[in-house]
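One structure is given below, encoded as structure tokens.
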Amino acid sequence: MSSLNLDDFTDLIERPDGGVRRDAEARRERQIVPPGALGRLDELGEWLAAAQSAVPVRPIEQPRVVLFAGDHGVAELGVSAREAGSAGELVREILAGGRPVSVLARRLGVSVRVVDMALDCDPESLPEAVVRHRVRRGSGRIDVEDALTPEEAEAAFRAGVAVADEEADSGTDLVVLGDVSVGGTTAAGVLVAALCGTDASVVTGRGGLAIDDLAWMRKCAAIRDALRRARPVLGDQLQLLATVGGADLAAITGFLLQSAVRKMPVVLDGVVVAACALVGQRIAFRAPDWWLAAHDSGEPGQAKALDRMALEPLLDPGVKVGEGAGGLLALPLVQAAAALAAELPEKPEPAEKPEDVEASAEEEREPEPEGDSY
């Protein structure tokens, strides 16, 4: 019998402080640049202030990229331009500093943490810090079998919760959250289609390394078949992740929810994270208030999920590579919003006119006592 009760997250997650946000808005009204002149930077600064419960907002000093990694059995169907079971190679390239996220992280001075949940490779080929949360070797082929057992789904979810706690306890003040997977966008498409009640073709994209038309049709068919298996378990979000998700997706969902519990803001990167966020919203409706959508990846499933959560992407750079790269591009924008909100001076108080001072003094003068006149 599982001791994990997902309903607890509804009680544990509070919205960012509304009173502090109003104070931040009032401060913005007093600053020398007119409100609205900085566009979404105004909104970002006020959101950060509410998330931090601080006016003026504190700078983002310890951001972190967290990437959950896994291979998906559905990739065996040729739904990805990458070879099935090859996500481990991507992880090794990230660790060696050769992927886009690695380059951007170096340039921005941000550390990158990779968490192996279900890579299809020998765990000894990767550092212990990467593999210590691994649940299994590869997730199941979701068109014909469950991705995980219920026990594995719970273990993966709890691992995501534990990683969020580790980050919050270490002082991380904002997370850029991404995935490293092969076949992950197919699983994400199933989750989005199931939760939004839409058809497979509406959520089937081309992936980070674009697939051709034949691969797209195979991917659409795989999502359609997995969708039939997903619909009967829509009422149980953990079972949904076990049936058509995967260990990395279950961990991302747990991470997102626990980050909201710990009041740690998260920047969402790509369709896989967006799909997990949609599952998280089903579990705790206030959780999306702690998340920012970094960019529009061009994946239709991501657009559908973000629209359902009323999250508008900060950027549209056309980046499709995943792995947190698009999320990192949004980080300087968030940091700029914090700096502007905190450091722009306020307008000076208007000087009083001489006649106003004289009138004020006249009002304050004591009236002469009344008495008989002689």
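Ordered as shown in the structure tokens, chains take letters A, B, and onward, while each chain numbers its residues from 1 and ligands are numbered from 1 in the order shown.
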Exercise: Arg229 of chain A partners within 10 Å, only C-alpha atoms, chain neighbours under 2 positions left out, as JSON, numbers by chain: {"A": [142, 143, 144, 145, 146, 190, 194, 223, 224, 225, 226, 227, 231, 232, 233, 234, 240, 243, 244]}
Write out, as a CSV table (one decimal), in the first residue's frame, the residues just selected, with N, CA and C atoms.
chain,number,residue,atom,x,y,z
A,142,ILE,N,5.2,2.5,-24.4
A,142,ILE,CA,3.9,2.9,-23.9
A,142,ILE,C,2.8,2.6,-24.9
A,143,ASP,N,3.0,2.3,-26.1
A,143,ASP,CA,1.9,2.0,-27.0
A,143,ASP,C,1.3,0.6,-26.7
A,144,VAL,N,2.1,-0.3,-26.1
A,144,VAL,CA,1.7,-1.6,-25.8
A,144,VAL,C,1.9,-2.1,-24.4
A,145,GLU,N,2.6,-1.3,-23.6
A,145,GLU,CA,2.8,-1.7,-22.2
A,145,GLU,C,3.0,-0.5,-21.4
A,146,ASP,N,2.9,-0.7,-20.1
A,146,ASP,CA,3.1,0.5,-19.1
A,146,ASP,C,4.6,0.9,-19.1
A,190,VAL,N,1.4,12.2,-25.5
A,190,VAL,CA,0.3,11.4,-24.9
A,190,VAL,C,-0.3,12.1,-23.7
A,194,ALA,N,-4.1,13.4,-23.6
A,194,ALA,CA,-5.0,12.8,-22.6
A,194,ALA,C,-5.6,13.9,-21.7
A,223,ILE,N,1.4,7.7,-30.4
A,223,ILE,CA,0.6,8.5,-29.5
A,223,ILE,C,-0.8,8.1,-29.4
A,224,ARG,N,-1.4,7.9,-30.6
A,224,ARG,CA,-2.8,7.4,-30.7
A,224,ARG,C,-3.0,6.1,-29.9
A,225,ASP,N,-2.1,5.1,-30.1
A,225,ASP,CA,-2.2,3.9,-29.4
A,225,ASP,C,-2.0,4.0,-27.9
A,226,ALA,N,-1.1,4.8,-27.5
A,226,ALA,CA,-0.8,5.0,-26.1
A,226,ALA,C,-2.0,5.8,-25.4
A,227,LEU,N,-2.6,6.7,-26.2
A,227,LEU,CA,-3.7,7.5,-25.7
A,227,LEU,C,-4.9,6.6,-25.3
A,231,ARG,N,-6.4,6.9,-21.3
A,231,ARG,CA,-7.8,7.4,-21.0
A,231,ARG,C,-8.4,6.7,-19.8
A,232,PRO,N,-8.3,5.4,-19.6
A,232,PRO,CA,-8.9,4.8,-18.5
A,232,PRO,C,-8.3,5.2,-17.1
A,233,VAL,N,-7.1,5.7,-17.1
A,233,VAL,CA,-6.5,6.0,-15.8
A,233,VAL,C,-6.3,7.5,-15.6
A,234,LEU,N,-7.1,8.3,-16.3
A,234,LEU,CA,-7.0,9.8,-16.2
A,234,LEU,C,-7.2,10.3,-14.8
A,240,LEU,N,-1.3,7.5,-14.3
A,240,LEU,CA,-1.1,8.0,-15.6
A,240,LEU,C,0.3,8.1,-16.0
A,243,THR,N,1.6,4.6,-16.6
A,243,THR,CA,1.1,4.0,-17.8
A,243,THR,C,1.7,4.5,-19.1
A,244,VAL,N,1.8,5.8,-19.2
A,244,VAL,CA,2.2,6.4,-20.5
A,244,VAL,C,3.3,7.5,-20.3
Residues near Ile211 of chain A, anyone? I mean within 10 Å using only C-alpha atoms, not counting same-chain ones fewer than 3 positions away, as a PyMOL selection string. chain A and resi 78-82+205-208+214-217+219
For the selection just defined, write its residues with N, CA and C atoms to a file, as a PDB file, in the first residue's frame.
ATOM      1  N   GLY A  78      10.913   4.070 -34.078  1.00  0.00           N
ATOM      2  CA  GLY A  78      11.413   5.035 -35.059  1.00  0.00           C
ATOM      3  C   GLY A  78      10.681   6.356 -35.013  1.00  0.00           C
ATOM      4  N   VAL A  79      10.289   6.792 -33.806  1.00  0.00           N
ATOM      5  CA  VAL A  79       9.562   8.052 -33.647  1.00  0.00           C
ATOM      6  C   VAL A  79      10.515   9.225 -33.396  1.00  0.00           C
ATOM      7  N   SER A  80      11.791   8.934 -33.284  1.00  0.00           N
ATOM      8  CA  SER A  80      12.786   9.970 -33.010  1.00  0.00           C
ATOM      9  C   SER A  80      13.882   9.900 -34.060  1.00  0.00           C
ATOM     10  N   ALA A  81      14.509  11.035 -34.323  1.00  0.00           N
ATOM     11  CA  ALA A  81      15.637  11.057 -35.255  1.00  0.00           C
ATOM     12  C   ALA A  81      16.881  10.454 -34.618  1.00  0.00           C
ATOM     13  N   ARG A  82      16.868  10.309 -33.293  1.00  0.00           N
ATOM     14  CA  ARG A  82      17.994   9.691 -32.598  1.00  0.00           C
ATOM     15  C   ARG A  82      17.737   8.200 -32.406  1.00  0.00           C
ATOM     16  N   GLY A 205       4.545  16.571 -32.644  1.00  0.00           N
ATOM     17  CA  GLY A 205       5.507  17.482 -33.244  1.00  0.00           C
ATOM     18  C   GLY A 205       6.657  16.737 -33.890  1.00  0.00           C
ATOM     19  N   ARG A 206       7.649  17.499 -34.322  1.00  0.00           N
ATOM     20  CA  ARG A 206       8.791  16.920 -35.047  1.00  0.00           C
ATOM     21  C   ARG A 206       9.976  16.615 -34.147  1.00  0.00           C
ATOM     22  N   GLY A 207       9.938  17.082 -32.901  1.00  0.00           N
ATOM     23  CA  GLY A 207      11.045  16.806 -31.992  1.00  0.00           C
ATOM     24  C   GLY A 207      12.200  17.772 -32.163  1.00  0.00           C
ATOM     25  N   GLY A 208      13.183  17.672 -31.240  1.00  0.00           N
ATOM     26  CA  GLY A 208      14.330  18.580 -31.267  1.00  0.00           C
ATOM     27  C   GLY A 208      15.192  18.402 -32.493  1.00  0.00           C
ATOM     28  N   LEU A 214       7.490  10.328 -42.608  1.00  0.00           N
ATOM     29  CA  LEU A 214       7.190   8.947 -42.241  1.00  0.00           C
ATOM     30  C   LEU A 214       7.356   8.734 -40.741  1.00  0.00           C
ATOM     31  N   ALA A 215       8.418   9.301 -40.185  1.00  0.00           N
ATOM     32  CA  ALA A 215       8.629   9.184 -38.739  1.00  0.00           C
ATOM     33  C   ALA A 215       7.527   9.915 -37.984  1.00  0.00           C
ATOM     34  N   TRP A 216       7.076  11.047 -38.528  1.00  0.00           N
ATOM     35  CA  TRP A 216       5.980  11.787 -37.882  1.00  0.00           C
ATOM     36  C   TRP A 216       4.715  10.927 -37.838  1.00  0.00           C
ATOM     37  N   MET A 217       4.443  10.207 -38.923  1.00  0.00           N
ATOM     38  CA  MET A 217       3.247   9.347 -38.946  1.00  0.00           C
ATOM     39  C   MET A 217       3.380   8.199 -37.947  1.00  0.00           C
ATOM     40  N   LYS A 219       5.105   8.350 -35.213  1.00  0.00           N
ATOM     41  CA  LYS A 219       4.972   8.990 -33.898  1.00  0.00           C
ATOM     42  C   LYS A 219       3.509   9.259 -33.582  1.00  0.00           C
TER      43      LYS A 219
END
Write out as number ranges by chain all residues of segment 265-344 of chain A that DSSP puts in strand (DSSP E or B) for this structure's backbone. A: 266-268, 291-293, 295, 315
Output the selection as a PDB file, in the first residue's frame - C-alpha atoms for each residue.
ATOM      1  CA  VAL A 266      10.997  27.224 -11.797  1.00  0.00           C
ATOM      2  CA  VAL A 267      11.548  28.160 -15.458  1.00  0.00           C
ATOM      3  CA  LEU A 268      10.019  25.515 -17.749  1.00  0.00           C
ATOM      4  CA  TRP A 291       6.404  28.469 -12.816  1.00  0.00           C
ATOM      5  CA  LEU A 292       7.502  30.529 -15.812  1.00  0.00           C
ATOM      6  CA  ALA A 293       7.370  29.317 -19.420  1.00  0.00           C
ATOM      7  CA  HIS A 295      10.160  29.911 -24.650  1.00  0.00           C
ATOM      8  CA  LEU A 315      10.736  34.209 -25.653  1.00  0.00           C
TER       9      LEU A 315
END
As an exercise, work out the distance from atom CA of Gln302 of chain A to atom CA of Gly183 of chain A in Å and give it to one decimal place.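 Result for atom CA of Gln302 of chain A versus atom CA of Gly183 of chain A: 15.2 Å, one decimal.
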Surrounding residues of segment 115-119 of chain A excluding itself and chain neighbours under 2 positions, 7 Å, only C-alpha atoms, as JSON, numbers by chain: {"A": [67, 68, 69, 70, 71, 87, 88, 113, 121, 130, 131, 133, 134, 135, 136, 137, 138, 139, 247, 248]}
Using N, CA and C atoms, can you export the residues from the last selection as a PDB file, in the first residue's frame?
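Result file is selection36.pdb:
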ATOM      1  N   LEU A  67      18.357  18.845 -15.027  1.00  0.00           N
ATOM      2  CA  LEU A  67      17.904  18.057 -16.169  1.00  0.00           C
ATOM      3  C   LEU A  67      17.659  16.620 -15.727  1.00  0.00           C
ATOM      4  N   PHE A  68      16.449  16.127 -15.949  1.00  0.00           N
ATOM      5  CA  PHE A  68      16.132  14.731 -15.666  1.00  0.00           C
ATOM      6  C   PHE A  68      16.263  13.938 -16.970  1.00  0.00           C
ATOM      7  N   ALA A  69      16.938  12.796 -16.893  1.00  0.00           N
ATOM      8  CA  ALA A  69      17.288  12.055 -18.103  1.00  0.00           C
ATOM      9  C   ALA A  69      16.665  10.668 -18.111  1.00  0.00           C
ATOM     10  N   GLY A  70      16.296  10.196 -19.314  1.00  0.00           N
ATOM     11  CA  GLY A  70      15.741   8.854 -19.443  1.00  0.00           C
ATOM     12  C   GLY A  70      15.563   8.452 -20.894  1.00  0.00           C
ATOM     13  N   ASP A  71      15.595   7.161 -21.123  1.00  0.00           N
ATOM     14  CA  ASP A  71      15.270   6.601 -22.438  1.00  0.00           C
ATOM     15  C   ASP A  71      13.871   6.016 -22.389  1.00  0.00           C
ATOM     16  N   ALA A  87      20.111   8.293 -25.168  1.00  0.00           N
ATOM     17  CA  ALA A  87      20.109   9.508 -24.338  1.00  0.00           C
ATOM     18  C   ALA A  87      21.350   9.588 -23.456  1.00  0.00           C
ATOM     19  N   GLY A  88      21.920   8.432 -23.106  1.00  0.00           N
ATOM     20  CA  GLY A  88      23.135   8.431 -22.301  1.00  0.00           C
ATOM     21  C   GLY A  88      24.278   9.160 -22.988  1.00  0.00           C
ATOM     22  N   ARG A 113      22.977  20.373 -13.313  1.00  0.00           N
ATOM     23  CA  ARG A 113      22.832  19.090 -12.626  1.00  0.00           C
ATOM     24  C   ARG A 113      22.016  18.145 -13.490  1.00  0.00           C
ATOM     25  N   CYS A 121      21.685   2.607 -20.289  1.00  0.00           N
ATOM     26  CA  CYS A 121      23.134   2.441 -20.383  1.00  0.00           C
ATOM     27  C   CYS A 121      23.647   1.911 -19.049  1.00  0.00           C
ATOM     28  N   VAL A 130      25.207  11.371 -10.773  1.00  0.00           N
ATOM     29  CA  VAL A 130      24.197  11.398 -11.833  1.00  0.00           C
ATOM     30  C   VAL A 130      23.236  10.222 -11.704  1.00  0.00           C
ATOM     31  N   VAL A 131      23.738   9.051 -11.377  1.00  0.00           N
ATOM     32  CA  VAL A 131      22.924   7.827 -11.458  1.00  0.00           C
ATOM     33  C   VAL A 131      22.284   7.415 -10.139  1.00  0.00           C
ATOM     34  N   HIS A 133      19.846   8.265  -8.377  1.00  0.00           N
ATOM     35  CA  HIS A 133      18.384   8.225  -8.260  1.00  0.00           C
ATOM     36  C   HIS A 133      17.735   7.310  -9.304  1.00  0.00           C
ATOM     37  N   ARG A 134      18.538   6.617 -10.115  1.00  0.00           N
ATOM     38  CA  ARG A 134      17.974   5.822 -11.216  1.00  0.00           C
ATOM     39  C   ARG A 134      16.950   4.810 -10.695  1.00  0.00           C
ATOM     40  N   VAL A 135      15.824   4.716 -11.418  1.00  0.00           N
ATOM     41  CA  VAL A 135      14.744   3.796 -11.046  1.00  0.00           C
ATOM     42  C   VAL A 135      14.824   2.493 -11.836  1.00  0.00           C
ATOM     43  N   ARG A 136      15.145   2.599 -13.118  1.00  0.00           N
ATOM     44  CA  ARG A 136      15.231   1.413 -13.970  1.00  0.00           C
ATOM     45  C   ARG A 136      16.034   1.760 -15.218  1.00  0.00           C
ATOM     46  N   ARG A 137      16.309   0.758 -16.017  1.00  0.00           N
ATOM     47  CA  ARG A 137      17.054   0.966 -17.257  1.00  0.00           C
ATOM     48  C   ARG A 137      16.055   1.064 -18.412  1.00  0.00           C
ATOM     49  N   GLY A 138      15.746   2.295 -18.814  1.00  0.00           N
ATOM     50  CA  GLY A 138      14.770   2.528 -19.873  1.00  0.00           C
ATOM     51  C   GLY A 138      13.344   2.352 -19.385  1.00  0.00           C
ATOM     52  N   SER A 139      12.441   3.173 -19.927  1.00  0.00           N
ATOM     53  CA  SER A 139      11.014   3.047 -19.597  1.00  0.00           C
ATOM     54  C   SER A 139      10.327   2.215 -20.669  1.00  0.00           C
ATOM     55  N   ALA A 247      10.028   7.251 -16.125  1.00  0.00           N
ATOM     56  CA  ALA A 247      10.649   7.601 -14.850  1.00  0.00           C
ATOM     57  C   ALA A 247      11.092   9.054 -14.823  1.00  0.00           C
ATOM     58  N   ASP A 248      11.618   9.564 -15.951  1.00  0.00           N
ATOM     59  CA  ASP A 248      12.057  10.956 -15.978  1.00  0.00           C
ATOM     60  C   ASP A 248      10.864  11.901 -15.872  1.00  0.00           C
TER      61      ASP A 248
END
Which residue, A:Cys276, A:Ala310, A:Ala260, A:Leu108, has the smallest gap to Leu191 of chain A when you use only C-alpha atoms? A:Cys276
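We find atom CA of Arg282 of chain A and atom CA of Gln237 of chain A to be spaced 7.6 Å apart.
Here atom CA of Leu329 of chain A is placed at a distance of 14.2 Å from atom CA of Val112 of chain A.
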Contacts of segment 97-160 of chain A with segment 319-325 of chain A up to 12 Å, shortest pair per row, only C-alpha atoms, as JSON lines:
{"residue": "A:Arg99", "atom": "CA", "partner": "A:Glu323", "partner_atom": "CA", "distance": 8.7}
{"residue": "A:Pro100", "atom": "CA", "partner": "A:Ala325", "partner_atom": "CA", "distance": 6.1}
{"residue": "A:Val101", "atom": "CA", "partner": "A:Ala325", "partner_atom": "CA", "distance": 4.6}
{"residue": "A:Ser102", "atom": "CA", "partner": "A:Ala325", "partner_atom": "CA", "distance": 8.3}
{"residue": "A:Val103", "atom": "CA", "partner": "A:Ala325", "partner_atom": "CA", "distance": 9.1}
{"residue": "A:Leu104", "atom": "CA", "partner": "A:Ala325", "partner_atom": "CA", "distance": 7.1}
{"residue": "A:Ala105", "atom": "CA", "partner": "A:Ala325", "partner_atom": "CA", "distance": 8.5}
{"residue": "A:Arg106", "atom": "CA", "partner": "A:Ala325", "partner_atom": "CA", "distance": 11.8}
{"residue": "A:Leu108", "atom": "CA", "partner": "A:Ala325", "partner_atom": "CA", "distance": 11.6}
{"residue": "A:Val110", "atom": "CA", "partner": "A:Gly324", "partner_atom": "CA", "distance": 11.8}
{"residue": "A:Ser111", "atom": "CA", "partner": "A:Gly324", "partner_atom": "CA", "distance": 11.9}
{"residue": "A:Val112", "atom": "CA", "partner": "A:Gly324", "partner_atom": "CA", "distance": 9.4}
{"residue": "A:Arg113", "atom": "CA", "partner": "A:Gly324", "partner_atom": "CA", "distance": 10.8}
{"residue": "A:Val114", "atom": "CA", "partner": "A:Glu323", "partner_atom": "CA", "distance": 9.9}
Suppose we keep C-alpha atoms; can you now write the selection as a short mmCIF file (atom, residue, chain, number, x, y, z; two decimals), in the first residue's frame?
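Writing the result to selection31.cif gives the following:
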data_model
loop_
_atom_site.label_atom_id
_atom_site.label_comp_id
_atom_site.auth_asym_id
_atom_site.auth_seq_id
_atom_site.Cartn_x
_atom_site.Cartn_y
_atom_site.Cartn_z
CA ARG A 99 26.06 20.57 -25.74
CA PRO A 100 24.27 23.93 -26.20
CA VAL A 101 23.11 23.92 -22.57
CA SER A 102 26.71 23.41 -21.46
CA VAL A 103 27.95 26.38 -23.50
CA LEU A 104 25.16 28.68 -22.33
CA ALA A 105 25.59 27.62 -18.72
CA ARG A 106 29.31 28.40 -18.85
CA LEU A 108 26.02 32.64 -17.75
CA VAL A 110 25.22 28.62 -13.99
CA SER A 111 25.87 25.07 -12.79
CA VAL A 112 24.14 22.14 -14.48
CA ARG A 113 22.83 19.09 -12.63
CA VAL A 114 21.85 15.95 -14.54
#
For segment 246-274 of chain A versus segment 41-54 of chain A, which residues have an atom no more than 10 Å away, and what is each residue's nearest atom pair and distance in Å rounded to one decimal, using only C-alpha atoms, chain-then-number order, as a Markdown table?
| residue | atom | partner | partner_atom | distance |
| --- | --- | --- | --- | --- |
| A:Ala260 | CA | A:Ala51 | CA | 9.7 |
| A:Lys263 | CA | A:Ala51 | CA | 6.6 |
| A:Met264 | CA | A:Ala51 | CA | 7.6 |
| A:Pro265 | CA | A:Ala51 | CA | 7.0 |
Out of segment 44-198 of chain A, which residues get alpha helix (DSSP H) from DSSP, as number ranges by chain? A: 44-52, 87-96, 100-108, 128-131, 150-169, 184-196
Please provide the set of residues having any atom within 9 Å of Arg158 of chain A, restricted to only C-alpha atoms, with same-chain residues fewer than 4 positions apart removed, written as a list in words. Leu4, Ala153, Glu154, Ala162, Val163, Ala250, Ala251, Gly254 and Phe255 of chain A
Compare A:Leu238, A:Gly245, A:Glu343, A:Thr172 by their minimum atom-to-atom distance to Ala187 of chain A, counting only C-alpha atoms, and give me the closest one. A:Gly245
